[in-house]
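Novice: The following file, start_22.cif, comprises mmCIF, C-alpha atoms and all ligand atoms:
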data_query
#
loop_
_atom_site.group_PDB
_atom_site.id
_atom_site.type_symbol
_atom_site.label_atom_id
_atom_site.label_comp_id
_atom_site.auth_asym_id
_atom_site.auth_seq_id
_atom_site.Cartn_x
_atom_site.Cartn_y
_atom_site.Cartn_z
ATOM 1 C CA MET A 206 115.477 28.968 61.205
ATOM 2 C CA GLU A 207 112.689 31.342 60.169
ATOM 3 C CA PRO A 208 112.902 34.439 62.390
ATOM 4 C CA LEU A 209 110.075 36.173 60.505
ATOM 5 C CA ALA A 210 107.589 33.270 60.560
ATOM 6 C CA GLY A 211 104.012 34.545 60.826
ATOM 7 C CA LYS A 212 104.969 38.107 59.838
ATOM 8 C CA VAL A 213 103.634 40.086 56.891
ATOM 9 C CA ALA A 214 105.835 42.558 55.014
ATOM 10 C CA LEU A 215 105.279 45.188 52.338
ATOM 11 C CA VAL A 216 108.250 46.312 50.218
ATOM 12 C CA THR A 217 107.855 49.279 47.850
ATOM 13 C CA GLY A 218 109.683 49.060 44.513
ATOM 14 C CA GLY A 219 110.194 45.329 45.014
ATOM 15 C CA SER A 220 110.330 44.217 41.390
ATOM 16 C CA ARG A 221 114.083 44.488 40.895
ATOM 17 C CA GLY A 222 117.415 45.495 42.438
ATOM 18 C CA ILE A 223 117.711 45.979 46.181
ATOM 19 C CA GLY A 224 113.922 45.831 46.637
ATOM 20 C CA ALA A 225 113.656 42.414 44.960
ATOM 21 C CA ALA A 226 116.524 41.123 47.120
ATOM 22 C CA ILE A 227 114.716 42.387 50.227
ATOM 23 C CA VAL A 228 111.494 40.636 49.154
ATOM 24 C CA ARG A 229 113.338 37.344 48.587
ATOM 25 C CA THR A 230 115.293 37.574 51.857
ATOM 26 C CA LEU A 231 112.228 38.376 53.973
ATOM 27 C CA ALA A 232 110.393 35.414 52.363
ATOM 28 C CA ARG A 233 113.368 33.112 52.958
ATOM 29 C CA ASP A 234 113.328 34.244 56.588
ATOM 30 C CA GLY A 235 109.666 33.303 56.930
ATOM 31 C CA ALA A 236 107.514 36.328 56.059
ATOM 32 C CA ASP A 237 104.616 36.612 53.634
ATOM 33 C CA VAL A 238 105.551 39.504 51.362
ATOM 34 C CA ALA A 239 103.668 42.024 49.226
ATOM 35 C CA LEU A 240 105.571 44.286 46.882
ATOM 36 C CA THR A 241 104.712 47.348 44.846
ATOM 37 C CA TYR A 242 106.015 48.001 41.365
ATOM 38 C CA LEU A 243 105.575 50.546 38.607
ATOM 39 C CA ARG A 244 102.864 49.508 36.175
ATOM 40 C CA ALA A 245 105.310 49.810 33.287
ATOM 41 C CA GLU A 246 107.389 46.920 34.667
ATOM 42 C CA HIS A 247 106.539 43.286 34.138
ATOM 43 C CA ARG A 248 109.104 41.634 36.354
ATOM 44 C CA ALA A 249 107.109 41.665 39.572
ATOM 45 C CA ASP A 250 105.546 38.260 38.865
ATOM 46 C CA ARG A 251 108.971 36.648 38.802
ATOM 47 C CA VAL A 252 109.722 37.978 42.290
ATOM 48 C CA VAL A 253 106.332 36.759 43.568
ATOM 49 C CA ARG A 254 107.136 33.271 42.202
ATOM 50 C CA ASP A 255 110.361 33.311 44.254
ATOM 51 C CA VAL A 256 108.323 34.173 47.360
ATOM 52 C CA THR A 257 105.905 31.302 46.813
ATOM 53 C CA ALA A 258 108.868 28.969 46.146
ATOM 54 C CA HIS A 259 109.805 29.614 49.796
ATOM 55 C CA GLY A 260 106.317 28.430 50.794
ATOM 56 C CA ARG A 261 105.149 31.983 51.582
ATOM 57 C CA ARG A 262 102.304 34.076 50.255
ATOM 58 C CA GLY A 263 103.371 36.751 47.753
ATOM 59 C CA LEU A 264 101.452 39.619 46.201
ATOM 60 C CA ALA A 265 102.476 42.159 43.534
ATOM 61 C CA ILE A 266 100.610 45.469 43.495
ATOM 62 C CA ALA A 267 101.056 48.078 40.753
ATOM 63 C CA ALA A 268 101.448 51.341 42.650
ATOM 64 C CA ASP A 269 103.390 54.462 41.759
ATOM 65 C CA SER A 270 104.906 55.848 44.970
ATOM 66 C CA ALA A 271 104.365 59.342 43.560
ATOM 67 C CA ASP A 272 100.597 58.724 43.528
ATOM 68 C CA PRO A 273 99.136 59.238 47.034
ATOM 69 C CA ASP A 274 95.979 57.212 46.362
ATOM 70 C CA ALA A 275 97.959 54.322 44.911
ATOM 71 C CA VAL A 276 100.344 53.966 47.868
ATOM 72 C CA THR A 277 97.508 54.105 50.378
ATOM 73 C CA ALA A 278 95.545 51.523 48.403
ATOM 74 C CA ALA A 279 98.615 49.247 48.257
ATOM 75 C CA VAL A 280 98.913 49.260 52.048
ATOM 76 C CA GLU A 281 95.188 48.617 52.515
ATOM 77 C CA ARG A 282 95.238 45.747 50.012
ATOM 78 C CA THR A 283 98.217 44.108 51.726
ATOM 79 C CA ALA A 284 96.537 44.280 55.135
ATOM 80 C CA ALA A 285 93.226 43.040 53.700
ATOM 81 C CA GLU A 286 94.703 40.079 51.790
ATOM 82 C CA PHE A 287 97.211 38.962 54.437
ATOM 83 C CA GLY A 288 95.199 39.980 57.505
ATOM 84 C CA ARG A 289 97.959 42.024 59.165
ATOM 85 C CA LEU A 290 101.054 44.131 58.512
ATOM 86 C CA ASP A 291 104.226 43.885 60.563
ATOM 87 C CA ILE A 292 107.090 45.133 58.395
ATOM 88 C CA LEU A 293 107.138 48.074 55.986
ATOM 89 C CA VAL A 294 110.200 48.633 53.786
ATOM 90 C CA ASN A 295 110.258 51.946 51.902
ATOM 91 C CA ASN A 296 112.639 51.080 49.078
ATOM 92 C CA ALA A 297 111.252 52.618 45.857
ATOM 93 C CA GLY A 298 113.696 55.160 44.531
ATOM 94 C CA VAL A 299 114.933 57.166 41.586
ATOM 95 C CA PHE A 300 118.305 58.722 40.817
ATOM 96 C CA PRO A 301 118.077 62.318 39.594
ATOM 97 C CA TYR A 302 121.459 63.446 38.320
ATOM 98 C CA GLY A 303 122.735 66.869 37.296
ATOM 99 C CA SER A 304 123.862 70.284 38.501
ATOM 100 C CA ILE A 305 121.382 72.742 39.985
ATOM 101 C CA GLU A 306 121.043 74.408 36.559
ATOM 102 C CA GLU A 307 120.541 71.078 34.798
ATOM 103 C CA THR A 308 117.916 69.611 37.107
ATOM 104 C CA SER A 309 114.347 70.896 36.777
ATOM 105 C CA VAL A 310 111.569 71.733 39.203
ATOM 106 C CA ARG A 311 109.702 68.811 37.670
ATOM 107 C CA GLU A 312 112.578 66.496 38.620
ATOM 108 C CA LEU A 313 112.714 68.024 42.096
ATOM 109 C CA ASP A 314 108.981 67.486 42.588
ATOM 110 C CA HIS A 315 109.091 63.901 41.323
ATOM 111 C CA THR A 316 112.096 63.003 43.476
ATOM 112 C CA LEU A 317 110.471 64.425 46.598
ATOM 113 C CA ALA A 318 107.165 62.760 45.688
ATOM 114 C CA VAL A 319 108.823 59.322 45.574
ATOM 115 C CA HIS A 320 111.497 59.644 48.287
ATOM 116 C CA VAL A 321 109.694 61.828 50.825
ATOM 117 C CA ARG A 322 105.943 62.271 50.277
ATOM 118 C CA GLY A 323 105.493 58.665 49.144
ATOM 119 C CA VAL A 324 107.370 57.351 52.181
ATOM 120 C CA TYR A 325 105.401 59.588 54.546
ATOM 121 C CA LEU A 326 102.086 58.476 53.043
ATOM 122 C CA THR A 327 103.001 54.801 53.029
ATOM 123 C CA ILE A 328 104.010 54.906 56.682
ATOM 124 C CA ARG A 329 100.871 56.871 57.567
ATOM 125 C CA ALA A 330 98.692 54.232 55.941
ATOM 126 C CA ALA A 331 100.681 51.296 57.389
ATOM 127 C CA VAL A 332 100.998 52.297 61.033
ATOM 128 C CA PRO A 333 97.309 51.826 61.980
ATOM 129 C CA HIS A 334 97.689 48.162 60.919
ATOM 130 C CA MET A 335 100.825 47.592 62.996
ATOM 131 C CA ALA A 336 100.804 46.057 66.447
ATOM 132 C CA ASP A 337 103.539 46.112 69.096
ATOM 133 C CA GLY A 338 106.637 44.788 67.315
ATOM 134 C CA GLY A 339 105.945 46.630 64.040
ATOM 135 C CA ARG A 340 108.936 47.644 61.947
ATOM 136 C CA VAL A 341 109.362 50.582 59.591
ATOM 137 C CA ILE A 342 112.567 50.491 57.541
ATOM 138 C CA SER A 343 113.419 53.029 54.856
ATOM 139 C CA ILE A 344 116.194 52.776 52.290
ATOM 140 C CA GLY A 345 118.325 55.924 52.302
ATOM 141 C CA SER A 346 121.768 56.277 50.753
ATOM 142 C CA CYS A 347 125.436 56.515 51.680
ATOM 143 C CA PHE A 348 125.280 59.946 49.959
ATOM 144 C CA VAL A 349 123.621 61.163 53.159
ATOM 145 C CA GLU A 350 126.963 60.480 54.863
ATOM 146 C CA ARG A 351 129.337 61.538 52.097
ATOM 147 C CA VAL A 352 128.905 63.142 48.676
ATOM 148 C CA PRO A 353 131.931 62.095 46.622
ATOM 149 C CA TYR A 354 131.201 63.829 43.286
ATOM 150 C CA PRO A 355 129.023 66.623 41.836
ATOM 151 C CA GLY A 356 125.526 66.230 40.418
ATOM 152 C CA VAL A 357 123.796 64.399 43.241
ATOM 153 C CA ALA A 358 122.539 67.276 45.431
ATOM 154 C CA LEU A 359 118.879 66.567 44.709
ATOM 155 C CA TYR A 360 119.298 62.882 45.463
ATOM 156 C CA ALA A 361 121.299 63.538 48.662
ATOM 157 C CA MET A 362 118.776 66.148 49.822
ATOM 158 C CA SER A 363 115.792 63.852 49.354
ATOM 159 C CA LYS A 364 117.469 60.890 51.065
ATOM 160 C CA SER A 365 118.618 63.109 53.960
ATOM 161 C CA ALA A 366 114.960 63.878 54.695
ATOM 162 C CA LEU A 367 114.539 60.222 55.671
ATOM 163 C CA VAL A 368 116.912 60.686 58.597
ATOM 164 C CA GLY A 369 114.718 63.372 60.179
ATOM 165 C CA LEU A 370 111.553 61.429 59.429
ATOM 166 C CA THR A 371 113.076 58.315 60.975
ATOM 167 C CA ARG A 372 114.160 60.045 64.166
ATOM 168 C CA GLY A 373 110.867 61.881 64.569
ATOM 169 C CA LEU A 374 108.707 58.837 63.936
ATOM 170 C CA ALA A 375 110.807 56.673 66.241
ATOM 171 C CA ARG A 376 109.767 59.081 69.011
ATOM 172 C CA ASP A 377 106.130 59.165 67.882
ATOM 173 C CA LEU A 378 105.757 55.389 67.546
ATOM 174 C CA GLY A 379 108.128 54.062 70.219
ATOM 175 C CA GLY A 380 105.368 54.002 72.836
ATOM 176 C CA ARG A 381 103.451 51.590 70.605
ATOM 177 C CA GLY A 382 106.421 49.237 70.304
ATOM 178 C CA ILE A 383 107.070 50.127 66.650
ATOM 179 C CA THR A 384 110.682 50.685 65.599
ATOM 180 C CA VAL A 385 111.666 53.067 62.781
ATOM 181 C CA ASN A 386 115.061 52.991 61.068
ATOM 182 C CA VAL A 387 116.825 53.914 57.850
ATOM 183 C CA VAL A 388 119.425 51.775 56.056
ATOM 184 C CA HIS A 389 121.970 53.619 53.924
ATOM 185 C CA PRO A 390 123.332 51.335 51.180
ATOM 186 C CA GLY A 391 126.597 52.092 49.467
ATOM 187 C CA SER A 392 127.257 51.381 45.777
ATOM 188 C CA THR A 393 125.124 48.351 45.013
ATOM 189 C CA ASP A 394 125.074 46.445 41.733
ATOM 190 C CA THR A 395 121.595 47.174 40.306
ATOM 191 C CA GLU A 396 120.096 48.782 37.196
ATOM 192 C CA MET A 397 120.317 52.121 39.007
ATOM 193 C CA ASN A 398 124.065 51.716 39.545
ATOM 194 C CA PRO A 399 125.544 48.792 37.578
ATOM 195 C CA ALA A 400 128.934 47.515 38.767
ATOM 196 C CA ASP A 401 130.083 47.552 35.129
ATOM 197 C CA GLY A 402 128.702 51.030 34.400
ATOM 198 C CA GLU A 403 130.619 54.057 33.087
ATOM 199 C CA THR A 404 131.397 55.566 36.496
ATOM 200 C CA ALA A 405 131.747 52.304 38.414
ATOM 201 C CA ASP A 406 135.561 52.255 38.554
ATOM 202 C CA THR A 407 135.648 55.768 39.999
ATOM 203 C CA GLU A 408 132.998 54.814 42.527
ATOM 204 C CA ARG A 409 134.860 51.629 43.500
ATOM 205 C CA GLY A 410 137.854 53.839 44.295
ATOM 206 C CA TYR A 411 135.866 55.432 47.144
ATOM 207 C CA ILE A 412 134.940 52.116 48.768
ATOM 208 C CA ALA A 413 137.225 50.705 51.477
ATOM 209 C CA LEU A 414 136.359 47.135 50.468
ATOM 210 C CA GLY A 415 137.026 48.041 46.825
ATOM 211 C CA ARG A 416 133.885 46.428 45.422
ATOM 212 C CA TYR A 417 130.165 47.013 44.943
ATOM 213 C CA ALA A 418 127.633 45.387 47.272
ATOM 214 C CA GLU A 419 125.355 42.644 46.018
ATOM 215 C CA PRO A 420 121.685 43.566 46.672
ATOM 216 C CA ALA A 421 121.437 40.587 49.062
ATOM 217 C CA GLU A 422 124.088 42.200 51.284
ATOM 218 C CA ILE A 423 121.777 45.183 51.841
ATOM 219 C CA ALA A 424 118.751 42.906 52.274
ATOM 220 C CA ALA A 425 120.530 40.996 55.071
ATOM 221 C CA THR A 426 120.621 44.117 57.249
ATOM 222 C CA VAL A 427 116.971 44.907 56.494
ATOM 223 C CA SER A 428 115.961 41.399 57.532
ATOM 224 C CA HIS A 429 118.013 41.698 60.716
ATOM 225 C CA LEU A 430 116.189 44.939 61.607
ATOM 226 C CA ALA A 431 112.859 43.263 60.809
ATOM 227 C CA GLY A 432 113.599 40.247 63.000
ATOM 228 C CA PRO A 433 114.178 39.596 66.704
ATOM 229 C CA GLY A 434 117.708 41.063 66.480
ATOM 230 C CA GLY A 435 116.220 44.461 65.622
ATOM 231 C CA ARG A 436 113.903 44.642 68.624
ATOM 232 C CA TYR A 437 115.889 47.364 70.424
ATOM 233 C CA ILE A 438 117.144 49.315 67.393
ATOM 234 C CA SER A 439 115.113 52.462 66.664
ATOM 235 C CA GLY A 440 115.518 56.002 65.370
ATOM 236 C CA THR A 441 118.869 55.290 63.824
ATOM 237 C CA SER A 442 120.697 55.149 60.497
ATOM 238 C CA ILE A 443 122.581 51.987 59.622
ATOM 239 C CA THR A 444 125.175 52.368 56.902
ATOM 240 C CA VAL A 445 125.964 49.302 54.770
ATOM 241 C CA ASP A 446 128.531 50.733 52.380
ATOM 242 C CA GLY A 447 131.716 48.662 52.525
ATOM 243 C CA GLY A 448 133.526 51.634 54.075
ATOM 244 C CA PHE A 449 132.488 54.235 51.459
ATOM 245 C CA ALA A 450 131.892 56.897 54.122
ATOM 246 C CA ALA A 451 134.891 55.902 56.260
HETATM 247 N N1 LIG A 501 122.142 50.905 43.821
HETATM 248 C C1 LIG A 501 122.787 51.724 44.619
HETATM 249 O O1 LIG A 501 124.011 51.915 44.488
HETATM 250 C C2 LIG A 501 122.052 52.431 45.725
HETATM 251 C C3 LIG A 501 122.837 53.090 46.684
HETATM 252 C C4 LIG A 501 122.193 53.751 47.722
HETATM 253 C C5 LIG A 501 120.816 53.727 47.807
HETATM 254 N N2 LIG A 501 120.071 53.080 46.858
HETATM 255 C C6 LIG A 501 118.615 53.115 47.026
HETATM 256 O O2 LIG A 501 118.119 51.801 47.057
HETATM 257 C C7 LIG A 501 116.773 51.772 46.570
HETATM 258 C C8 LIG A 501 116.664 50.726 45.495
HETATM 259 O O3 LIG A 501 117.488 51.107 44.402
HETATM 260 P P1 LIG A 501 118.084 50.083 43.336
HETATM 261 O O4 LIG A 501 119.528 50.325 43.255
HETATM 262 O O5 LIG A 501 117.570 48.727 43.576
HETATM 263 O O6 LIG A 501 117.463 50.744 42.018
HETATM 264 P P2 LIG A 501 116.621 50.143 40.818
HETATM 265 O O7 LIG A 501 116.456 51.280 39.866
HETATM 266 O O8 LIG A 501 117.206 48.883 40.342
HETATM 267 O O9 LIG A 501 115.241 49.825 41.534
HETATM 268 C C9 LIG A 501 114.421 50.858 42.007
HETATM 269 C C10 LIG A 501 113.079 50.285 42.335
HETATM 270 O O10 LIG A 501 112.212 51.365 42.695
HETATM 271 C C11 LIG A 501 111.058 51.278 41.885
HETATM 272 N N3 LIG A 501 110.506 52.603 41.649
HETATM 273 C C12 LIG A 501 111.095 53.685 41.103
HETATM 274 N N4 LIG A 501 110.229 54.708 41.047
HETATM 275 C C13 LIG A 501 109.073 54.245 41.579
HETATM 276 C C14 LIG A 501 107.801 54.803 41.794
HETATM 277 N N5 LIG A 501 107.535 56.063 41.436
HETATM 278 N N6 LIG A 501 106.848 54.037 42.370
HETATM 279 C C15 LIG A 501 107.083 52.758 42.710
HETATM 280 N N7 LIG A 501 108.270 52.169 42.529
HETATM 281 C C16 LIG A 501 109.240 52.900 41.964
HETATM 282 C C17 LIG A 501 111.508 50.639 40.600
HETATM 283 O O11 LIG A 501 110.403 50.099 39.945
HETATM 284 C C18 LIG A 501 112.462 49.582 41.132
HETATM 285 O O12 LIG A 501 111.761 48.438 41.573
HETATM 286 C C19 LIG A 501 116.468 53.190 46.089
HETATM 287 O O13 LIG A 501 115.753 53.881 47.082
HETATM 288 C C20 LIG A 501 117.844 53.789 45.909
HETATM 289 O O14 LIG A 501 117.838 55.187 46.030
HETATM 290 C C21 LIG A 501 120.669 52.441 45.822
#
Once more with this new file: its structure as structure tokens, please.
Ligand SMILES: NC(=O)c1ccc[n+]([C@@H]2O[C@H](COP(=O)([O-])OP(=O)(O)OC[C@H]3O[C@@H](n4cnc5c(N)ncnc54)[C@H](O)[C@@H]3O)[C@@H](O)[C@H]2O)c1
Specialist:
Amino acid sequence: MEPLAGKVALVTGGSRGIGAAIVRTLARDGADVALTYLRAEHRADRVVRDVTAHGRRGLAIAADSADPDAVTAAVERTAAEFGRLDILVNNAGVFPYGSIEETSVRELDHTLAVHVRGVYLTIRAAVPHMADGGRVISIGSCFVERVPYPGVALYAMSKSALVGLTRGLARDLGGRGITVNVVHPGSTDTEMNPADGETADTERGYIALGRYAEPAEIAATVSHLAGPGGRYISGTSITVDGGFAA
């Protein structure tokens, strides 16, 4: 069964981690998928090969989410090459860590540029290409629901902004049949938060299921929202955290 057959998706930060899992899952479920990646990374081609192995069209676009021109160009290129755009997944993210004295204004600006301004600009460029049935899905964080340890205020603040953006845009775009949602992953085994990292045992202690998520377990919910099962879900936050916030 290919619930996303005929659809075109764009996933930001799709070269590794949760983003790469989302790209692969959307392709498995039938979509053609473009992904953005940071120019410094060379792993995007591998993810595109996995998309084409599913018989779908794949496209990797170097685009820094902190660069307004680059994100807009990435959306335009996706729509031009694939002829449409149905699903946008705002996944690109960074993890600023430190107390308020330790973090800098530069870090604040960069975090907001990627997590907030970049998401806003990507959605703004994507929406004109979307028809009735369009889907906007952003990747937030379980730290919006619960902050278990110090040092993550900047991260939690920037991800919390996605909740307001999601609710507001769901109202703005609902009349056009476009849904807008945010998925809050819990601790997920990626380079950002490796399951064998220094703080992983402490973090596992907060999770009801007692283990990290695999990136594919987050991607499954994104694909559900993107598909027919997500038709009537809009303006909401869906937490996929193994009971972290319980
Ligand atoms: N791993 C976790 O435990 C966890 C938990 C909650 C939320 N998240 C969120 O999930 C998303 C994916 O994180 P991940 O764990 O896969 O991390 P990761 O570090 O493995 O991957 C992050 C991705 O974002 C891309 N990226 C970073 N800065 C970018 C920029 N300026 N422009 C374009 N792309 C950029 C990276 O290239 C990479 O592809 C992030 O938004 C993150 O905040 C992760």
Novice: Output the residue selection produced by the PyMOL selection byres (((chain A and resi 406-422) around 9) and not hetatm) on the file above, formatted as a PyMOL selection string.
Specialist: chain A and resi 222-227+229-230+353+390-395+399-405+423-426+445-451
Novice: Show me which residues are within 6 Å of ligand LIG 501 (chain A) counting only C-alpha atoms and all ligand atoms, and format the list as a PyMOL selection string.
Specialist: chain A and resi 218-224+242-243+268-271+296-299+319+344-347+390-398
Novice: Need to verify the contact set: Asp234 of chain A, 6 Å, only C-alpha atoms, exclusion of same-chain residues closer than 2 positions in sequence. Can you return it as an mmCIF file with C-alpha atoms, in the coordinates of the input?
Specialist:
data_model
loop_
_atom_site.group_PDB
_atom_site.id
_atom_site.type_symbol
_atom_site.label_atom_id
_atom_site.label_comp_id
_atom_site.auth_asym_id
_atom_site.auth_seq_id
_atom_site.Cartn_x
_atom_site.Cartn_y
_atom_site.Cartn_z
ATOM 1 C CA GLU A 207 112.689 31.342 60.169
ATOM 2 C CA PRO A 208 112.902 34.439 62.390
ATOM 3 C CA LEU A 209 110.075 36.173 60.505
ATOM 4 C CA LEU A 231 112.228 38.376 53.973
ATOM 5 C CA ALA A 232 110.393 35.414 52.363
#
Novice: Please write the residues picked by the PyMOL selection byres (((chain A and resi 264) around 10) and not hetatm) on this file as an NGL selection string.
Specialist: :A and (215 or 237-241 or 249-250 or 252-254 or 256-257 or 262-263 or 265-266 or 282-283 or 286-287)
Novice: Expand the PyMOL selection byres (((chain A and resi 273) around 9) and not hetatm) into the individual residues it matches in the shown file, reporting them as a PDB file with C-alpha atoms, keeping the file's coordinate frame.
Specialist:
ATOM      1  CA  ASP A 269     103.390  54.462  41.759  1.00  0.00           C
ATOM      2  CA  SER A 270     104.906  55.848  44.970  1.00  0.00           C
ATOM      3  CA  ALA A 271     104.365  59.342  43.560  1.00  0.00           C
ATOM      4  CA  ASP A 272     100.597  58.724  43.528  1.00  0.00           C
ATOM      5  CA  ASP A 274      95.979  57.212  46.362  1.00  0.00           C
ATOM      6  CA  ALA A 275      97.959  54.322  44.911  1.00  0.00           C
ATOM      7  CA  VAL A 276     100.344  53.966  47.868  1.00  0.00           C
ATOM      8  CA  THR A 277      97.508  54.105  50.378  1.00  0.00           C
ATOM      9  CA  ALA A 278      95.545  51.523  48.403  1.00  0.00           C
ATOM     10  CA  ALA A 318     107.165  62.760  45.688  1.00  0.00           C
ATOM     11  CA  ARG A 322     105.943  62.271  50.277  1.00  0.00           C
ATOM     12  CA  GLY A 323     105.493  58.665  49.144  1.00  0.00           C
ATOM     13  CA  LEU A 326     102.086  58.476  53.043  1.00  0.00           C
ATOM     14  CA  THR A 327     103.001  54.801  53.029  1.00  0.00           C
TER      15      THR A 327
END
Novice: So which residues are close to (108.9, 55.4, 53.6), meaning at most 6 Å away in the file's coordinates with all atoms listed in the file counted, and can you show them as a list in words?
Specialist: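 Checking each residue against the 6 Å limit leaves Asn295, Val324, Tyr325, Thr327, Ile328 and Ser343 of chain A.
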Novice: So how far away is atom CA of His320 of chain A from atom CA of Leu367 of chain A, in Å?
Specialist: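 Separation between atom CA of Leu367 of chain A and atom CA of His320 of chain A: 8.0 Å.
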Novice: Considering only C-alpha atoms, can you say which of A:Arg340, A:Ala366, A:Ala284, A:Leu378 comes closest to Pro433 of chain A?
Specialist: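 For Pro433 of chain A, the nearest of the candidates is A:Arg340.
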Novice: For Val349 of chain A, which of A:Ala279, A:Ile443, A:Val332, A:Ala267 is the closest residue, counting all atoms listed in the file?
Specialist: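 Using all atoms listed in the file, the shortest distance to Val349 of chain A belongs to A:Ile443.
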Novice: Could you work out an axis-aligned box for segment 380-396 of chain A, taking every atom the file lists and adding 6 Å on each side, and report centre and edge lengths in Å to one decimal, as JSON?
Specialist:
{"center_x": 115.4, "center_y": 50.2, "center_z": 55.0, "size_x": 35.8, "size_y": 19.6, "size_z": 47.6}
Novice: Let me make sure I understand: among A:Val280, A:Ala358, A:Met335, A:Ala236, which one has the smallest atom-to-atom distance to Thr308 of chain A if we use only C-alpha atoms?
Specialist: A:Ala358
Novice: Atom CA of Phe348 of chain A and atom CA of Pro301 of chain A, how far apart in Å?
Specialist: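 Those two atoms sit 12.8 Å apart.
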Novice: One decimal, Å: what's the distance from atom CA of Gly339 of chain A over to atom CA of Met206 of chain A, could you say?
Specialist: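 These two atoms are separated by 20.3 Å.
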Novice: Taking only C-alpha atoms into account, which of A:Leu290, A:Ala210, A:Val352, A:Leu359 comes nearest Ala336 of chain A?
Specialist: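 Of A:Leu290, A:Ala210, A:Val352, A:Leu359, the one nearest Ala336 of chain A, counting only C-alpha atoms, is A:Leu290.
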Novice: List every protein, DNA or RNA residue that has an atom no more than 12 Å from (123.8, 72.3, 36.9) in the file's coordinate frame, counting only C-alpha atoms, and report them as a CSV table (one decimal) with C-alpha atoms, in the frame of the given file.
Specialist:
chain,number,residue,atom,x,y,z
A,301,PRO,CA,118.1,62.3,39.6
A,302,TYR,CA,121.5,63.4,38.3
A,303,GLY,CA,122.7,66.9,37.3
A,304,SER,CA,123.9,70.3,38.5
A,305,ILE,CA,121.4,72.7,40.0
A,306,GLU,CA,121.0,74.4,36.6
A,307,GLU,CA,120.5,71.1,34.8
A,308,THR,CA,117.9,69.6,37.1
A,309,SER,CA,114.3,70.9,36.8
A,355,PRO,CA,129.0,66.6,41.8
A,356,GLY,CA,125.5,66.2,40.4
A,357,VAL,CA,123.8,64.4,43.2
A,358,ALA,CA,122.5,67.3,45.4
A,359,LEU,CA,118.9,66.6,44.7
Novice: Using all atoms listed in the file, determine which residues lie at most 7 Å from Ala375 of chain A, disregarding the query and same-chain residues fewer than 4 positions distant; provide the list as a ChimeraX atom specification.
Specialist: /A:371,379,384-385,439-440
Novice: So, with all atoms listed in the file as the atoms that count, which of A:Ala285, A:His247, A:Arg329, A:Gly338 lies closest to Gly380 of chain A?
Specialist: A:Gly338
Novice: Between A:Arg248, A:Phe300, A:Thr441, A:Tyr360, which residue has the minimum interatomic distance to Gly373 of chain A, considering all atoms listed in the file?
Specialist: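 When distances to Gly373 of chain A are compared using all atoms listed in the file, the smallest one comes from A:Thr441.
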